[in-house]
Amino acid sequence: MAKPVNLALQGGGAHGAFSWGVLDRLLEGDEIDIAGISGTSAGALNGAAIKAGMAAADGWQGRLLARENLAHVWTNVAQLSDNRVVRWMSSLMPMPRGLQRWAEMVSPVAWLEGLNRIVSPYDYGPFYVNPLARVIREMPHPGMDASGGPQFFVTATNVRTGRVHIFSGPQVTPDAIMASACLPTLFKAVEIVDPATGRAEAYWDGGYSGNPALYPLFGTDLPRDIVIVAINPTEREDVPRTPVQIQDRINEVSFNSSLQRELRAIQFVKRLTAEGRLAGRNMKEPLIHMIADDALMTQLGARTKVLPGPGLVRRMFEAGRAAAELFVATDLQQVGVRDTVDLPRLYG
């Protein structure tokens, strides 16, 4: 019998293809029933593909349509960039430290980051285009705002207030997905009218405020279990030393901070519950699980997130499927019973 779960899908640019692999494997089997999805950035893109497919049809047919949507998304994202030079440089590894530093400086990613410091997305004028718009709007099975299928929550960051904003239900439009994936050095802020105020608000990537936001999944009509599909490494053994390594680690820490805060709060509530200090209060206690491959992600830098070449996307996909297979084999039996993430060790 399928176990009901919620999915929390992290953002991380091209590394989101890892989540594609995870989701493809989970949708292929009948071990879980997806009740709710919270997604940020690439996680929102993946969540939209699942939501639209499963809203279009019931049962196995809906799962198949969701898998077709995911394949469409990442096949098209991979075609947005074919970073042959970066992959050629990678084939030279390992290389002497001096040569490695030189490769970091002259790679297309380093050139792109240098350009981002002097050129704004707003400088392109009428030539500006957000390449994700076509990928999202041409999804073969649309309907990310439909009433059927899993509940779907999309995280973005309000530029004016700096606060997290959650889109759900009919608010989940292609613009909302682009807002969630809007890196401000690459894309113009996405403006969406707030129906509550009638005011147009500008949004940036949701990773700055919730990567992903877990609290929308705490609703009483959703299951206790939350499966986080993580693509940003939490821990690294080595201290970063080169400029590129330092910037990469800053990126990881920044985009993990909101999730870390929510997990710490969950552990705090669990501790109070265990001590009997919340007796008589009707509070939901989530069970946390995680699918990740930190060994792979720590081999890659944050710079590969912005150059989604076909080779990288395929590598991420295969790794994701393998990680999901491991989760099904080792942790799935604990869903509905206990956490499989050691929260006391991390936050106790």
# chains A, B, ... in the order shown; residues from 1 in each chain; ligands from 1
$ residues_around --residues "range 249-255 of chain A" --least-positions-apart "4" --cutoff "8 Å" --atoms "only C-alpha atoms" --output "MDAnalysis selection string"
chainID A and resid 207:208 211 232:234 240 245 302
$ residues_around --residues "range 17-26 of chain A" --least-positions-apart "4" --cutoff "6 Å" --atoms "only C-alpha atoms" --output "list in words"
Arg67, Val313, Met316, Phe317, Glu318, Gly320, Arg321 and Ala324 of chain A
$ select_by_dssp --residues "range 125-221 of chain A" --states "strand (DSSP E or B)" --output "PyMOL selection string"
chain A and resi 151-158+164-168+190-193+200-205
$ write_last_selection --atoms "C-alpha atoms" --output "PDB file, in the first residue's frame"
ATOM      1  CA  GLN A 151      -1.485  20.481  -3.147  1.00  0.00           C
ATOM      2  CA  PHE A 152       1.277  22.673  -4.564  1.00  0.00           C
ATOM      3  CA  PHE A 153       3.134  25.559  -2.915  1.00  0.00           C
ATOM      4  CA  VAL A 154       5.719  27.772  -4.649  1.00  0.00           C
ATOM      5  CA  THR A 155       8.212  29.887  -2.718  1.00  0.00           C
ATOM      6  CA  ALA A 156       9.454  33.277  -3.923  1.00  0.00           C
ATOM      7  CA  THR A 157      11.094  36.268  -2.229  1.00  0.00           C
ATOM      8  CA  ASN A 158       9.313  39.630  -2.205  1.00  0.00           C
ATOM      9  CA  VAL A 164       8.991  34.830   1.860  1.00  0.00           C
ATOM     10  CA  HIS A 165       5.887  34.629  -0.311  1.00  0.00           C
ATOM     11  CA  ILE A 166       3.983  31.406  -0.969  1.00  0.00           C
ATOM     12  CA  PHE A 167       1.941  30.988  -4.131  1.00  0.00           C
ATOM     13  CA  SER A 168      -0.700  28.256  -4.074  1.00  0.00           C
ATOM     14  CA  VAL A 190       9.097  39.037 -11.992  1.00  0.00           C
ATOM     15  CA  GLU A 191       6.178  41.344 -11.222  1.00  0.00           C
ATOM     16  CA  ILE A 192       2.874  39.799 -10.140  1.00  0.00           C
ATOM     17  CA  VAL A 193      -0.234  41.588  -8.890  1.00  0.00           C
ATOM     18  CA  ALA A 200       2.144  44.716  -8.387  1.00  0.00           C
ATOM     19  CA  GLU A 201       4.945  43.143  -6.360  1.00  0.00           C
ATOM     20  CA  ALA A 202       8.385  42.196  -7.652  1.00  0.00           C
ATOM     21  CA  TYR A 203       9.831  38.790  -6.797  1.00  0.00           C
ATOM     22  CA  TRP A 204      13.255  37.155  -6.783  1.00  0.00           C
ATOM     23  CA  ASP A 205      14.402  33.584  -6.296  1.00  0.00           C
TER      24      ASP A 205
END
$ closest_residue --among "A:Arg199, A:Asp294, A:Gly210, A:Met139" --to "Gly162 in chain A" --atoms "only C-alpha atoms"
A:Gly210
$ closest_residue --among "A:Gly125, A:Pro184, A:Gly59, A:Pro223" --to "Ile288 in chain A" --atoms "only C-alpha atoms"
A:Pro223
$ select_by_dssp --residues "range 16-86 of chain A" --states "helix (DSSP H, G or I)" --output "PyMOL selection string"
chain A and resi 16-28+42-56+59-78+84-86
$ closest_residue --among "A:Ala292, A:Leu259, A:Ala196, A:Ala52" --to "Ser209 in chain A" --atoms "only C-alpha atoms"
A:Leu259
$ closest_residue --among "A:Ala57, A:Leu272, A:Met297, A:Ile226" --to "Val341 in chain A" --atoms "only C-alpha atoms"
A:Ile226
$ closest_residue --among "A:Ala14, A:Leu332, A:Val159, A:Leu186" --to "Gln79 in chain A" --atoms "only C-alpha atoms"
A:Ala14
